[in-house]
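Visitor: Structure file entry36.json (JSON, C-alpha atoms) is given on the next line.
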```json
[["chain", "number", "residue", "atom", "x", "y", "z"],
["A", 1, "MET", "CA", -129.00, 7.65, -17.81],
["A", 2, "ARG", "CA", -129.49, 9.45, -14.47],
["A", 3, "ILE", "CA", -127.92, 12.56, -15.90],
["A", 4, "ARG", "CA", -130.36, 12.60, -18.85],
["A", 5, "ILE", "CA", -133.37, 12.17, -16.57],
["A", 6, "GLY", "CA", -132.10, 14.86, -14.22],
["A", 7, "LEU", "CA", -131.35, 17.22, -17.09],
["A", 8, "THR", "CA", -134.77, 16.60, -18.66],
["A", 9, "PHE", "CA", -136.46, 17.26, -15.29],
["A", 10, "MET", "CA", -134.51, 20.53, -14.84],
["A", 11, "ILE", "CA", -135.44, 21.71, -18.33],
["A", 12, "PHE", "CA", -139.09, 20.86, -17.63],
["A", 13, "ILE", "CA", -139.05, 22.84, -14.36],
["A", 14, "LEU", "CA", -137.32, 25.80, -16.02],
["A", 15, "GLY", "CA", -139.92, 25.71, -18.79],
["A", 16, "LEU", "CA", -142.72, 25.81, -16.26],
["A", 17, "LEU", "CA", -141.10, 28.68, -14.39],
["A", 18, "MET", "CA", -140.55, 30.67, -17.57],
["A", 19, "GLY", "CA", -144.14, 30.02, -18.65],
["A", 20, "CYS", "CA", -145.43, 31.35, -15.35],
["A", 21, "ASP", "CA", -143.33, 34.47, -15.46],
["A", 22, "GLY", "CA", -145.43, 36.42, -18.00],
["A", 23, "GLU", "CA", -146.49, 40.02, -18.14],
["A", 24, "THR", "CA", -149.47, 41.02, -16.09],
["A", 25, "VAL", "CA", -152.21, 43.50, -16.80],
["A", 26, "ASN", "CA", -154.43, 44.56, -13.91],
["A", 27, "GLY", "CA", -153.01, 41.68, -11.85],
["A", 28, "ASN", "CA", -153.86, 39.04, -14.47],
["A", 29, "GLN", "CA", -151.28, 37.16, -16.49],
["A", 30, "VAL", "CA", -151.25, 37.96, -20.21],
["A", 31, "THR", "CA", -151.22, 34.87, -22.44],
["A", 32, "GLN", "CA", -150.20, 34.57, -26.10],
["A", 33, "GLU", "CA", -153.90, 34.37, -27.05],
["A", 34, "ASP", "CA", -154.57, 37.61, -25.15],
["A", 35, "GLU", "CA", -151.74, 39.40, -26.94],
["A", 36, "THR", "CA", -152.94, 38.14, -30.33],
["A", 37, "SER", "CA", -156.55, 39.10, -29.72],
["A", 38, "GLN", "CA", -155.53, 42.50, -28.35],
["A", 39, "THR", "CA", -153.40, 43.15, -31.44],
["A", 40, "GLU", "CA", -156.21, 42.05, -33.76],
["A", 41, "GLU", "CA", -158.68, 44.18, -31.81],
["A", 42, "VAL", "CA", -156.48, 47.27, -32.06],
["A", 43, "LEU", "CA", -155.88, 46.75, -35.79],
["A", 44, "GLY", "CA", -159.56, 45.94, -36.35],
["A", 45, "ASN", "CA", -160.62, 49.20, -34.68],
["A", 46, "ARG", "CA", -158.37, 51.29, -36.91],
["A", 47, "LYS", "CA", -160.73, 51.96, -39.76],
["A", 48, "GLU", "CA", -159.23, 55.18, -41.07],
["A", 49, "GLU", "CA", -156.69, 54.44, -43.77],
["A", 50, "THR", "CA", -155.42, 56.19, -46.85],
["A", 51, "ALA", "CA", -153.79, 54.40, -49.77],
["A", 52, "VAL", "CA", -150.21, 55.47, -50.41],
["A", 53, "PRO", "CA", -148.59, 55.14, -53.84],
["A", 54, "TYR", "CA", -145.09, 53.68, -53.95],
["A", 55, "LYS", "CA", -142.40, 52.89, -56.48],
["A", 56, "ARG", "CA", -140.59, 49.56, -56.76],
["A", 57, "GLN", "CA", -136.85, 50.07, -56.78],
["A", 58, "ILE", "CA", -135.19, 46.68, -56.16],
["A", 59, "TYR", "CA", -136.38, 43.10, -55.61],
["A", 60, "THR", "CA", -133.77, 40.59, -54.40],
["A", 61, "LYS", "CA", -133.55, 36.87, -53.67],
["A", 62, "THR", "CA", -130.38, 35.62, -52.03],
["A", 63, "GLY", "CA", -129.47, 31.97, -51.47],
["A", 64, "SER", "CA", -126.35, 30.30, -50.21],
["A", 65, "ASP", "CA", -125.07, 29.76, -53.77],
["A", 66, "PHE", "CA", -126.63, 32.60, -55.76],
["A", 67, "SER", "CA", -128.27, 36.01, -55.79],
["A", 68, "TRP", "CA", -131.01, 37.20, -58.14],
["A", 69, "GLU", "CA", -132.08, 40.84, -58.42],
["A", 70, "TRP", "CA", -134.31, 43.15, -60.40],
["A", 71, "SER", "CA", -133.30, 46.79, -60.05],
["A", 72, "ALA", "CA", -134.50, 50.20, -61.24],
["A", 73, "LYS", "CA", -131.94, 52.46, -62.81],
["A", 74, "ASN", "CA", -130.35, 55.61, -61.37],
["A", 75, "LEU", "CA", -130.49, 54.78, -57.67],
["A", 76, "PRO", "CA", -127.88, 56.56, -55.57],
["A", 77, "GLU", "CA", -125.02, 54.26, -54.53],
["A", 78, "GLU", "CA", -125.44, 55.13, -50.83],
["A", 79, "ILE", "CA", -129.05, 53.86, -50.87],
["A", 80, "ILE", "CA", -128.01, 50.62, -52.58],
["A", 81, "ASP", "CA", -125.26, 50.15, -49.96],
["A", 82, "GLN", "CA", -127.71, 50.72, -47.10],
["A", 83, "TYR", "CA", -130.18, 48.28, -48.70],
["A", 84, "GLU", "CA", -127.43, 45.63, -48.83],
["A", 85, "ASN", "CA", -127.02, 45.93, -45.05],
["A", 86, "TYR", "CA", -130.49, 44.37, -44.66],
["A", 87, "VAL", "CA", -129.65, 41.09, -46.44],
["A", 88, "ASN", "CA", -130.31, 39.04, -43.27],
["A", 89, "SER", "CA", -132.92, 41.20, -41.57],
["A", 90, "VAL", "CA", -136.04, 39.90, -39.89],
["A", 91, "PRO", "CA", -139.35, 40.30, -41.75],
["A", 92, "GLY", "CA", -140.67, 43.85, -41.63],
["A", 93, "GLY", "CA", -140.28, 47.32, -43.07],
["A", 94, "PHE", "CA", -137.31, 49.57, -42.37],
["A", 95, "VAL", "CA", -136.71, 53.18, -43.44],
["A", 96, "ILE", "CA", -133.14, 53.05, -44.71],
["A", 97, "GLN", "CA", -132.91, 56.61, -46.01],
["A", 98, "GLU", "CA", -135.03, 59.73, -45.84],
["A", 99, "THR", "CA", -134.36, 62.44, -48.42],
["A", 100, "PRO", "CA", -136.06, 65.85, -48.61],
["A", 101, "SER", "CA", -138.58, 64.42, -51.10],
["A", 102, "GLU", "CA", -139.01, 60.70, -50.28],
["A", 103, "TYR", "CA", -138.54, 57.72, -48.00],
["A", 104, "PHE", "CA", -136.59, 54.63, -49.10],
["A", 105, "ILE", "CA", -137.92, 51.53, -47.34],
["A", 106, "CYS", "CA", -136.44, 48.03, -47.25],
["A", 107, "VAL", "CA", -139.18, 45.41, -46.95],
["A", 108, "SER", "CA", -137.79, 42.10, -45.75],
["A", 109, "PHE", "CA", -139.96, 39.02, -46.28],
["A", 110, "GLY", "CA", -137.63, 36.56, -44.55],
["A", 111, "ARG", "CA", -136.80, 33.08, -45.85],
["A", 112, "LYS", "CA", -138.68, 30.84, -48.25],
["A", 113, "GLU", "CA", -137.85, 27.22, -48.94],
["A", 114, "SER", "CA", -137.82, 27.50, -52.75],
["A", 115, "VAL", "CA", -136.46, 29.84, -55.40],
["A", 116, "THR", "CA", -139.85, 29.79, -57.17],
["A", 117, "LYS", "CA", -141.61, 31.29, -54.13],
["A", 118, "GLY", "CA", -141.66, 35.00, -53.57],
["A", 119, "PHE", "CA", -143.74, 38.00, -52.56],
["A", 120, "LYS", "CA", -145.50, 40.88, -54.20],
["A", 121, "ILE", "CA", -146.35, 44.10, -52.39],
["A", 122, "ASN", "CA", -150.08, 44.48, -52.90],
["A", 123, "SER", "CA", -150.64, 47.87, -51.28],
["A", 124, "LEU", "CA", -149.44, 50.51, -48.83],
["A", 125, "ALA", "CA", -151.80, 52.45, -46.56],
["A", 126, "MET", "CA", -151.43, 55.00, -43.77],
["A", 127, "HIS", "CA", -153.63, 54.23, -40.76],
["A", 128, "ASP", "CA", -154.93, 56.51, -38.01],
["A", 129, "ILE", "CA", -154.01, 59.64, -39.89],
["A", 130, "ASP", "CA", -155.53, 61.95, -37.27],
["A", 131, "SER", "CA", -153.78, 60.38, -34.28],
["A", 132, "ASP", "CA", -150.28, 60.63, -32.86],
["A", 133, "ARG", "CA", -149.76, 56.90, -33.52],
["A", 134, "SER", "CA", -150.21, 56.78, -37.28],
["A", 135, "PHE", "CA", -148.43, 53.94, -39.08],
["A", 136, "LEU", "CA", -147.74, 52.65, -42.57],
["A", 137, "ARG", "CA", -149.19, 49.20, -43.32],
["A", 138, "ILE", "CA", -147.40, 47.24, -46.03],
["A", 139, "HIS", "CA", -149.67, 44.50, -47.36],
["A", 140, "ALA", "CA", -147.96, 41.69, -49.30],
["A", 141, "ILE", "CA", -149.16, 38.53, -50.97],
["A", 142, "PRO", "CA", -147.16, 35.34, -51.62],
["A", 143, "VAL", "CA", -146.23, 34.41, -55.19],
["A", 144, "SER", "CA", -145.60, 30.74, -55.91],
["A", 145, "ASP", "CA", -144.45, 30.53, -59.54],
["A", 146, "GLU", "CA", -141.72, 33.13, -59.56],
["A", 147, "ASP", "CA", -138.38, 32.51, -61.33],
["A", 148, "VAL", "CA", -139.55, 29.29, -62.97],
["A", 149, "MET", "CA", -136.43, 29.28, -65.13],
["A", 150, "ASP", "CA", -134.42, 28.76, -61.91],
["A", 151, "LYS", "CA", -136.67, 26.00, -60.54],
["A", 152, "ASP", "CA", -133.76, 23.52, -60.43],
["A", 153, "VAL", "CA", -131.81, 25.71, -57.96],
["A", 154, "GLN", "CA", -132.05, 24.13, -54.52],
["A", 155, "GLY", "CA", -132.11, 25.65, -51.06],
["A", 156, "GLU", "CA", -133.73, 28.47, -49.15],
["A", 157, "VAL", "CA", -133.77, 32.07, -50.28],
["A", 158, "THR", "CA", -133.98, 35.33, -48.39],
["A", 159, "ILE", "CA", -136.34, 37.78, -50.07],
["A", 160, "ARG", "CA", -136.44, 41.55, -49.74],
["A", 161, "ALA", "CA", -137.47, 44.61, -51.71],
["A", 162, "LEU", "CA", -136.64, 48.29, -51.80],
["A", 163, "ILE", "CA", -139.50, 50.70, -52.38],
["A", 164, "SER", "CA", -139.75, 54.47, -52.28],
["A", 165, "VAL", "CA", -142.61, 56.65, -51.09],
["A", 166, "ALA", "CA", -142.82, 60.31, -52.11],
["A", 167, "LYS", "CA", -143.46, 62.60, -49.14],
["A", 168, "LYS", "CA", -145.95, 64.61, -51.22],
["A", 169, "ASP", "CA", -148.10, 61.46, -51.49],
["A", 170, "LEU", "CA", -148.43, 61.01, -47.72],
["A", 171, "PRO", "CA", -151.74, 62.27, -46.28],
["A", 172, "GLY", "CA", -151.57, 65.50, -44.31],
["A", 173, "GLY", "CA", -147.79, 65.70, -44.60],
["A", 174, "ILE", "CA", -147.27, 63.15, -41.81],
["A", 175, "GLY", "CA", -144.02, 61.24, -41.68],
["A", 176, "ILE", "CA", -143.40, 57.50, -41.61],
["A", 177, "ASN", "CA", -142.47, 56.56, -38.06],
["A", 178, "GLU", "CA", -143.96, 53.09, -37.63],
["A", 179, "MET", "CA", -144.62, 50.27, -40.10],
["A", 180, "ILE", "CA", -146.48, 46.99, -40.03],
["A", 181, "LEU", "CA", -145.87, 44.26, -42.60],
["A", 182, "SER", "CA", -148.89, 42.03, -43.14],
["A", 183, "VAL", "CA", -148.51, 39.02, -45.40],
["A", 184, "GLU", "CA", -151.43, 36.88, -46.52],
["A", 185, "GLU", "CA", -151.25, 33.19, -45.80],
["A", 186, "GLU", "CA", -150.05, 31.05, -48.68],
["A", 187, "LYS", "CA", -152.86, 29.04, -50.25]]
```
Just dump the structure as structure tokens.

Guide:
Amino acid sequence: MRIRIGLTFMIFILGLLMGCDGETVNGNQVTQEDETSQTEEVLGNRKEETAVPYKRQIYTKTGSDFSWEWSAKNLPEEIIDQYENYVNSVPGGFVIQETPSEYFICVSFGRKESVTKGFKINSLAMHDIDSDRSFLRIHAIPVSDEDVMDKDVQGEVTIRALISVAKKDLPGGIGINEMILSVEEEK
């Protein structure tokens, strides 16, 4: 019993110490709320955006007992192999291959608790086209009645997609260096 109390006390003290050891800006500690509001403020101030057309190439759901996939035809094997390397990636967008004419991007949505839940990419847009810090914003929305034929399959699924963006469709010939994945809240 003494060991549990001592261990709990040590964990509590360590938690306090870790909580106090945050980043500082101008001598003031930065809190999670500060970081969130600063991020929202930066994104809110970025008004300049240009829609970017894209092409769906692959959409995959992988569970512990199964894998489901929709795929376009005629994709090079090396791109498919690189896409497969992102089966357990964190949510976000990743350029997996750049060719002379296009970018191939893996968009990972992370895990969902049901096979019938999924995501749909709603739009792509380049932001801050005239600055050195331009980025591609991938906007996705949740889908709740996907794969209804498989509704009896149990367990979590990892969801990801492969899209391609033609370089000629990017504004001002700028390249894709940074990406932000924004997903609407599920209703």

Visitor: Tell me which of A:Tyr83, A:Tyr103, A:Tyr54, A:Trp68 sits closest to Glu146 (chain A), counting only C-alpha atoms.

Guide: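 Smallest distance to Glu146 (chain A) is found for A:Trp68.
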
Visitor: Excluding Val87 (chain A) and any residue of its chain fewer than 3 positions from it, enumerate the residues within 9 Å of it, using only C-alpha atoms, and give them as number ranges by chain.

Guide: A: 60, 62, 83-84, 108, 158-160

Visitor: Which residues, protein or nucleic acid, reach to within 12 Å of (-128.1, 32.4, -58.3) in the file's coordinates when using all atoms listed in the file, and can you give that as a list in words?

Guide: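 Residues found, by chain and rising number: Thr60, Lys61, Thr62, Gly63, Ser64, Asp65, Phe66, Ser67, Trp68, Glu69, Val115, Asp147, Met149, Asp150, Lys151, Asp152, Val153, Gln154, Gly155, Glu156, Val157 and Thr158 of chain A.
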
Visitor: Nearest to Lys112 (chain A) among A:Asp81, A:Ser144, A:Met126, A:Ser134, with distances taken over all atoms listed in the file: which residue is it?

Guide: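 Result for the nearest residue to Lys112 (chain A): A:Ser144.
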
Visitor: Mind listing whatever residues come within 12 Å of the point (-148.6, 62.3, -50.0)? Use only C-alpha atoms, file coordinates, and give them as a VMD selection string.

Guide: chain A and resid 50 to 54 101 to 103 124 to 126 129 165 to 176

Visitor: Between CA of Glu77 (chain A) and CA of His139 (chain A), what is the distance, to one decimal in Å?

Guide: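 Computing the Euclidean distance for CA of Glu77 (chain A) and CA of His139 (chain A) yields 27.5 Å.
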
Visitor: Using all atoms listed in the file, find the one residue out of A:Gln57, A:Asn177, A:Asn88, A:Gln82 that sits nearest to His127 (chain A).

Guide: A:Asn177

Visitor: Can you work out the spacing between CA of Gly93 (chain A) and CA of Ser123 (chain A) in Å, to one decimal?

Guide: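 Result for CA of Gly93 (chain A) versus CA of Ser123 (chain A): 13.2 Å, one decimal.
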
Visitor: What is the distance, in Å and to one decimal place, between CA of Gly110 (chain A) and CA of Ser89 (chain A)?

Guide: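 If I compute the distance from CA of Gly110 (chain A) to CA of Ser89 (chain A), I get 7.3 Å.
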
Visitor: List the spatial neighbours of Glu78 (chain A) as an MDAnalysis selection string - criterion: any atom at most 12 Å away, only C-alpha atoms, same-chain residues fewer than 6 positions off excluded.

Guide: chainID A and resid 84:85 96:99 104

Visitor: Write the residues of the preceding selection, restricted to C-alpha atoms, as a short mmCIF file (atom, residue, chain, number, x, y, z; two decimals), in the frame of the given file.

Guide:
```
data_model
loop_
_atom_site.label_atom_id
_atom_site.label_comp_id
_atom_site.auth_asym_id
_atom_site.auth_seq_id
_atom_site.Cartn_x
_atom_site.Cartn_y
_atom_site.Cartn_z
CA GLU A 84 -127.43 45.63 -48.83
CA ASN A 85 -127.02 45.93 -45.05
CA ILE A 96 -133.14 53.05 -44.71
CA GLN A 97 -132.91 56.61 -46.01
CA GLU A 98 -135.03 59.73 -45.84
CA THR A 99 -134.36 62.44 -48.42
CA PHE A 104 -136.59 54.63 -49.10
#
```

Visitor: Which one of A:Glu186, A:Lys73, A:Ile105, A:Phe135 sits closest to Lys117 (chain A) if you count only C-alpha atoms?

Guide: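 When distances to Lys117 (chain A) are compared using only C-alpha atoms, the smallest one comes from A:Glu186.
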
Visitor: Return the single residue from A:Leu136, A:Val107, A:Val95, A:Ile180 that is closest to Tyr59 (chain A), with distances computed using only C-alpha atoms.

Guide: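 Comparing A:Leu136, A:Val107, A:Val95, A:Ile180 against Tyr59 (chain A), the winner is A:Val107.
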
Visitor: Can you work out which one of A:Ser71, A:Gly118, A:Val90, A:Met179 has the shortest atom-to-atom distance to Ile58 (chain A), counting all atoms listed in the file?

Guide: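 Distance minimum relative to Ile58 (chain A) lands on A:Ser71.
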